[in-house]
Structures are given as C-alpha cells and as structure tokens.
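*Asks:* My questions will all concern the structure given below.
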Amino acid sequence: MLLAVVASRLIARAVRLPVPLIQIALGCGVFYSGLTSVALDPDVFFLLLLPPLLFLDGWRIPKDDLRRDAPTVVTLALGLVVFTVLGIGLLIHWLIPAVPLPVAFALAAVISPTDPIAVSAIAGQTPLPLRMRRILEGEALFNDASGLVCMRFAVAAALTGSFGLSQALLDFLWVASGGLGVGFAVTWLVTRARSSSPSVLVGDDGGAQILASVLIPFGVYLLAEALHCSGILAAVAAGITMGHSPHAHWQAVTRIRRTAVWDTLQLLANGSVFVLLGEQIPSILAGAGETVRITGHHNPWWLGVYVLGIVIALAALRFAWVWASMKVAYLGMQSLVQTSHGQRWRVVAAMSVAGVRGAVTLAGVLTLPLALSDGTPFPGRDLAIFLAAGVILMSLLVATVLLPRALRGVVLPETSRVAEEEQARAWAAEAAIGAIERAQLARLLPTSTSAGVDAGVYAAAASRLIALYRQQIDMDPCKAGAADRRHAADAIDSQLRLVGLRAERDEILLRAHDHRISDATQARMVREIDLQEARYSGAQAG
C-alpha cells in the first residue's frame with residue numbers, strides 16, 4: 001500500500017490526472033496482482049485514518065476564514081445534508097422500488113456529505129478560488145458527522161420500523177455538541193498544561209512533544225465514541241483548538257520537525273485511503289451480476305445508469321441549494337467574483353461539481369447491518385454498497401473533468417495582505433529593539449562582559465542589530481512603492497544567501513569526504529545550513 005502511495009506521486013508527474021484517481025487504480029492493481037488483499041473494516045478505518053487527517057485539517061485551516069464563512073459552512077454542512085438526504089432518499093426509492101424507504105434514506109445519508117480528503121485532493125489539482133476552497137474544506141470537515149448521524153437514524157428506522165423526530169433531534173444535539181466539547185476540552189487541557197508548566201507531560205523532549213500531538217486526535221476520538229458522541233467532530237474540534245493554542249513553548253527545531261512529521265502522516269493516510277478504496281472496487285464489481293437482480297433487471301449496466309442518475313441528482317440538489325442561498329445573499333458568495341451574471345453562474349456550477357465523495361462514504365455504507373432484528377438479511381445492503389462505490393468514482397471523475405471548465409474565465413478580486421504583513425514586521429521590529437536595548441543595559445546576553453567580552457564589542461553588536469531593525473521600521477508600507485522595494489530587496493537577499501549557503505554546504509561535505517572534519521561536525525553544520533536554506537527558500541517562494 002505504501003509503495004502504491006509513492007508510485008502514485010511519481011505517476012502524477014507524468015500524467016495530468018488527480019492523484020486520488022491514480023491511487024484508486026493502483027489499489028485495483030494491488031487486488032488483481034494477488035499479492036495481498038485488505039478487508040476494509042469500517043471501525044479500524046474510522047479509528048486509524050480519519051482522526052489524524054481531520055485533526056490536521058482543522059489545525060491548519062485559517063481560523064479567520066472559518067469564522068468569516070461560518071454561516072456558509074453551517075448551511076452546507078447541516079442544511080444541505082438534510083436537504084440531500086430527503087431528496088436523494090426519495091429518488092432512490094422511486095428509481096428502485098425494491099429498496100425500502102428507510103434503506104434508501106440510509107444510502108442517501110451516507111453519500112450526502114462530501115469527503116474532506118477527496119476535497120483537499122481535488123483542490124490541490126485545480127486552482128480553486130481561495131475563499132471557495134476554504135468554504136469547501138470547512139463544509140467537508142463538519143458534514144461527515146451530520147451525514148453519519150442521519151444514516152444512524154435511518155438504519156434504526158429500518159430495524160425497528162419506527163422513527164421519532166424529537167428523539168432524533170435530541171440525539172443529534174448530543175452527538176454534535178458532545179463531540180465538539182470533548183475535542184475542545186481535552187486539547188485545551190493538554191496544551192494548557194504544557195504551556196503553563198514546561199516540565200509537565202514531556203518536558204523539553206521535542207520528539208515526545210510531537211508524539212503527544214499525534215496522540216491527541218486518537219484520544220479524543222476514542223473518548224467521544226465511548227460517550228456515544230461524534231468522534232469525527234471531536235477530532236475536528238481538537239484540530240481547531242490546537243490551531244488557537246499558543247505554541248511559544250515549542251522550540252523552533254521542534255516546530256520544523258513537527259511539520260515534517262505531520263506532512264508525512266498526511267501523505268501516508270491520504271494515499272492509503274484511496275489505495276484501500278481501489279482495492280475494494282474489484283470485489284464490489286464482481287457481485288454486480290447478482291446485485292442488479294435486486295433492482296428487477298438482469299443487465300449490470302442498469303447499475304451504471306442508477307449511479308449516473310444519483311450523481312446528477314446530487315449535483316442538481318447542490319446547485320439548487322447554493323443558487324438559492326446566493327439569491328438571498330446568505331452565503332455572501334458575491335464577493336468571490338466580479339458581479340457579472342455569467343461568472344456567478346460559473347461559481348455556483350463549480351460549487352456543485354466540487355462536492356466529491358471519498359472513502360468515508362464507502363466505510364460508512366459498510367457499517368450497514370447484515371441482518372434485521374428478526375434475522376432476515378438487511379434489504380438492499382449489497383446494492384447500497386455498489387451504488388455508494390459508483391458515486392465515489394463518478395463524483396471524482398466529474399470534478400476532474402468539469403471543475404476546471406466551470407472556473408475558466410472567472411476573474412477573482414485579489415485580497416492583498418502586504419500592508420498587514422509590513423505592519424506586523426514593524427511591530428515585531430519594535431519589540432526586538434526594546435528587548436535588545438534592555439539586554440544591553442542589563443548585560444544579560446551570553447556574550448556579555450562577564451564572559452570576557454569587551455563592552456565596546458557588545459555595544460557595537462547591539463547597535464548593528466538595532467540599525468537593521470530601524471531600517472525595517474522605516475520602510476513605511478503606506479509610502480508608494482515601499483512594499484514593492486522591500487519585497488524586491490528581500491528576493492535579491494534570499495537569492496544571494498541561498499547561493500552562499502549551498503556553497504558552504506558543498507565545501508563542508510567535500511571536507512568531510514576528505515576526512516578533514518568529523519562526521520559529527522559535518523552533521524551539525526549541514527543541519528544548520530539546511531534550516532537556513534529552508535528559511536530563505538520559503539521567503540523566496542513567498
């Protein structure tokens with residue numbers, strides 16, 4: 001599976017296809033190769049792969065963007081899910097009368113939420129407008145819980161033959177609020193304990209701190225599920241809380257390592273989700289001949305017709321919801337594009353086809369029970385699994401083909417944050433000057449006169465640093481062209497520093513190869529140069 005994840009990245013450089021589709025194809029290849037076969041256990045899937053991915057998405061999503069578009073995200077993650085469950089459930093029952101209405105609603109519930117992993121993957125391949133991307137990511141973070149809760153109620157109705165609206169609403173409130181509360185409370189307590197007392201929990205061990213951050217999503221997920229709350233929402237809330245928590249107690253090197261660890265985990269889990277999904281497809285297709293008989297037909301192609309009809313209906317319901325929301329100016333989507341009528345329609349169309357489904361849908365539909373309360377087989381279970389898998393593949397293909405075309409020609413207003421960045425630089429420089437002046441007066445730096453350093457050398461070093469910070473403050477962002485000059489100067493400075501750093505590293509490696517410096521010295525110096533190169537490479541890219 002890991003080999004397929006790595007290979008998918010290499011293949012994606014040669015072909016212009018989304019990485020998830022390549023990973024699904026490789027998963028099918030793993031199945032047909034006969035080398036291995038992995039059964040998709042929904043409980044294991046939800047525990048091992050979803051919490052870290054949702055936690056990381058919640059951690060990294062810009063919180064100001066999430067607050068700004070909170071009404072939009074809520075309407076999509078809750079209102080649209082319920083609207084889709086009702087519409088698609090009735091459609092499935094009408095298309096396939098052999099599927100009981102509660103089972104149709106259960107299937108509609110599991111395919112109604114968009115998949116956060118698939119949305120991020122598609123967004124990474126298509127240059128979405130930034131605000132649209134944030135809205136889609138926020139929606140995908142929260143709508144899994146509402147979809148799975150709706151599925152739980154539909155399954156309960158299928159098993160018992162009854163449905164209570166008031167009890168369902170109370171259960172939903174507990175599942176949602178309990179999950180959010182668990183995620184927030186546990187993460188807040190952990191981060192609070194660590195920041196208030198550095199010796200608590202893991203001390204100054206950077207590796208243990210990183211491991212603790214990896215354990216948080218699993219802990220909150222298990223605790224929330226034990227309390228019969230939403231473990232998915234608990235992981236999301238934990239990530240958002242982590243993003244709000246102060247990280248000043250983290251050392252710089254630890255933060256760099258933490259980012260590398262989480263990037264690797266994200267690559268691993270994201271890829272494994274789609275490879276695992278691809279590995280399930282052949283066995284699902286193998287049962288198509290038997291599954292189609294449930295619908296009253298004998299040709300398996302009818303299943304493709306049903307999948308296509310469901311995907312079109314999903315896009316149509318989503319289109320209607322987004323269009324109606326824009327019409328009443330509730331989504332505030334008008335600020336995404338210029339005010340031309342055609343471009344607004346393109347944004348609505350893009351939002352409609354961007355609602356892709358992923359492995360969460362397949363894992364959810366696999367949790368359908370095998371039998372009813374009286375022991376008879378659960379009606380239409382195999383058909384529901386097949387239709388869910390087909391919707392996943394079709395939604396990915398539709399988004400891949402149509403999303404770039406829907407966004408073609410859409411001109412977006414640029415939101416410049418140059419002035420904000422320059423003001424932040426000035427504030428930081430003023431704080432640094434104050435700290436250097438206080439240290440100079442108190443002589444608290446390690447290279448003070450107490451260490452045998454002449455006072456003049458100390459004062460000269462402090463003066464040089466203060467002059468650099470004064471220059472940063474004097475670059476007034478309000479003056480015409482000041483920001484442009486600063487960025488041009490920074491770009492030149494970064495280029496020259498990178499040239500020098502690479503020459504330094506080449507020389508150190510050459511001297512180590514000739515055994516003129518020790519391996520330990522080489523490792524330490526190369527590490528320092530690598531950190532500086534990463535800094536200036538990032539500045540140059542920005």
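By order in the structure tokens, chains are A, B, ...; within a chain, residues start at 1; ligands start at 1, following the order shown.
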Within 9 Å of His228 in chain A, counting only C-alpha atoms, which residues show up once you throw out same-chain ones fewer than 6 positions away? Write them as a list of chain:residue names, please.

*Replies:* A:Trp174, A:Val175, A:Gly178, A:Gly179

*Asks:* Keeping N, CA and C atoms for every residue in the selection just given, could you write it to a file as a short mmCIF file (atom, residue, chain, number, x, y, z; two decimals), in the first residue's frame?

*Replies:*
data_model
loop_
_atom_site.label_atom_id
_atom_site.label_comp_id
_atom_site.auth_asym_id
_atom_site.auth_seq_id
_atom_site.Cartn_x
_atom_site.Cartn_y
_atom_site.Cartn_z
N TRP A 174 -26.83 15.92 21.08
CA TRP A 174 -25.85 15.31 21.97
C TRP A 174 -24.62 14.84 21.19
N VAL A 175 -24.86 14.19 20.06
CA VAL A 175 -23.75 13.68 19.26
C VAL A 175 -22.84 14.83 18.80
N GLY A 178 -21.56 17.05 22.08
CA GLY A 178 -20.65 16.23 22.87
C GLY A 178 -19.32 16.03 22.17
N GLY A 179 -19.36 15.75 20.87
CA GLY A 179 -18.11 15.58 20.13
C GLY A 179 -17.28 16.84 20.11
#

*Asks:* Which residues are close to Ser33 in chain A, i.e. within 12 Å by only C-alpha atoms, leaving aside same-chain residues fewer than 6 positions away? Reply as a PyMOL selection string.

*Replies:* chain A and resi 26-27+279+282

*Asks:* Write out the residues from the selection above, keeping C-alpha atoms, as a PDB file, in the first residue's frame.

*Replies:*
ATOM      1  CA  LEU A  26      -3.170   1.244  -8.224  1.00  0.00           C
ATOM      2  CA  GLY A  27      -5.356  -0.172  -5.454  1.00  0.00           C
ATOM      3  CA  GLU A 279      -8.686  -2.421  -3.503  1.00  0.00           C
ATOM      4  CA  PRO A 282     -12.994  -5.227  -7.846  1.00  0.00           C
TER       5      PRO A 282
END

*Asks:* Which residues are close to Gly289 in chain A, i.e. within 12 Å by only C-alpha atoms, leaving aside same-chain residues fewer than 3 positions away? Reply as number ranges by chain.

*Replies:* A: 283-286, 292-303, 382-383, 386

*Asks:* Save out the residues we just selected, C-alpha atoms, as a PDB file, in the first residue's frame.

*Replies:*
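Written file, again-v5.pdb:
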ATOM      1  CA  SER A 283     -14.795  -7.333  -5.253  1.00  0.00           C
ATOM      2  CA  ILE A 284     -17.776  -4.955  -5.354  1.00  0.00           C
ATOM      3  CA  LEU A 285     -17.888  -5.109  -9.156  1.00  0.00           C
ATOM      4  CA  ALA A 286     -17.631  -8.897  -9.057  1.00  0.00           C
ATOM      5  CA  VAL A 292     -28.586  -5.997 -10.242  1.00  0.00           C
ATOM      6  CA  ARG A 293     -31.302  -8.626  -9.721  1.00  0.00           C
ATOM      7  CA  ILE A 294     -32.442  -6.710  -6.657  1.00  0.00           C
ATOM      8  CA  THR A 295     -33.489  -3.897  -8.974  1.00  0.00           C
ATOM      9  CA  GLY A 296     -35.608  -6.205 -11.147  1.00  0.00           C
ATOM     10  CA  HIS A 297     -33.164  -6.159 -14.082  1.00  0.00           C
ATOM     11  CA  HIS A 298     -30.612  -8.644 -15.397  1.00  0.00           C
ATOM     12  CA  ASN A 299     -28.145  -6.410 -17.260  1.00  0.00           C
ATOM     13  CA  PRO A 300     -25.485  -4.990 -14.873  1.00  0.00           C
ATOM     14  CA  TRP A 301     -25.333  -1.823 -16.971  1.00  0.00           C
ATOM     15  CA  TRP A 302     -28.505  -0.719 -15.215  1.00  0.00           C
ATOM     16  CA  LEU A 303     -26.391  -0.197 -12.100  1.00  0.00           C
ATOM     17  CA  ASP A 382     -25.117  -5.152  -1.401  1.00  0.00           C
ATOM     18  CA  LEU A 383     -26.884  -2.779  -3.773  1.00  0.00           C
ATOM     19  CA  PHE A 386     -22.303  -0.892  -5.032  1.00  0.00           C
TER      20      PHE A 386
END

*Asks:* Would you list the contacts of range 66-69 of chain A as a ChimeraX atom specification, taking every protein, DNA or RNA residue within 8 Å and counting only C-alpha atoms, but skipping same-chain residues closer than 3 positions in sequence?

*Replies:* /A:61-63,72-73,134-135,138,331

*Asks:* Which neighbours of range 258-275 of chain A fall inside 7 Å, counting only C-alpha atoms, when residues of the same chain fewer than 6 positions from it are skipped, and could you give them as an MDAnalysis selection string?

*Replies:* chainID A and resid 1 5 20 23:24 26:27 49 53 117 210 359

*Asks:* Please, could you write that set of residues out with N, CA and C atoms as a compact mmCIF listing (two decimals), in the first residue's frame?

*Replies:*
# COMPACT_ATOMS: atom_id res chain seq x y z
N MET A 1 0.82 -1.20 0.00
CA MET A 1 0.00 0.00 0.00
C MET A 1 0.86 1.26 0.00
N VAL A 5 1.31 4.32 -2.79
CA VAL A 5 1.23 5.77 -2.48
C VAL A 5 2.41 6.51 -3.11
N PRO A 20 -5.76 11.07 -6.42
CA PRO A 20 -6.68 10.05 -5.91
C PRO A 20 -7.11 9.03 -6.95
N GLN A 23 -4.32 6.61 -7.40
CA GLN A 23 -4.21 5.72 -6.24
C GLN A 23 -5.31 4.66 -6.25
N ILE A 24 -6.52 5.03 -6.67
CA ILE A 24 -7.60 4.05 -6.77
C ILE A 24 -7.24 2.99 -7.82
N LEU A 26 -4.24 2.09 -8.76
CA LEU A 26 -3.17 1.24 -8.22
C LEU A 26 -3.72 0.28 -7.18
N GLY A 27 -4.73 0.72 -6.41
CA GLY A 27 -5.36 -0.17 -5.45
C GLY A 27 -6.02 -1.35 -6.15
N LEU A 49 -7.36 6.16 10.32
CA LEU A 49 -7.08 7.10 9.23
C LEU A 49 -7.81 8.43 9.36
N LEU A 53 -6.23 12.89 10.01
CA LEU A 53 -6.46 13.74 8.85
C LEU A 53 -7.40 14.89 9.18
N ILE A 117 -10.98 14.48 2.58
CA ILE A 117 -9.74 14.04 1.96
C ILE A 117 -9.83 14.22 0.44
N ILE A 210 6.09 16.03 19.88
CA ILE A 210 5.48 15.72 18.58
C ILE A 210 4.59 14.49 18.70
N ALA A 359 -13.57 7.84 0.42
CA ALA A 359 -13.59 6.56 1.13
C ALA A 359 -14.42 6.61 2.40
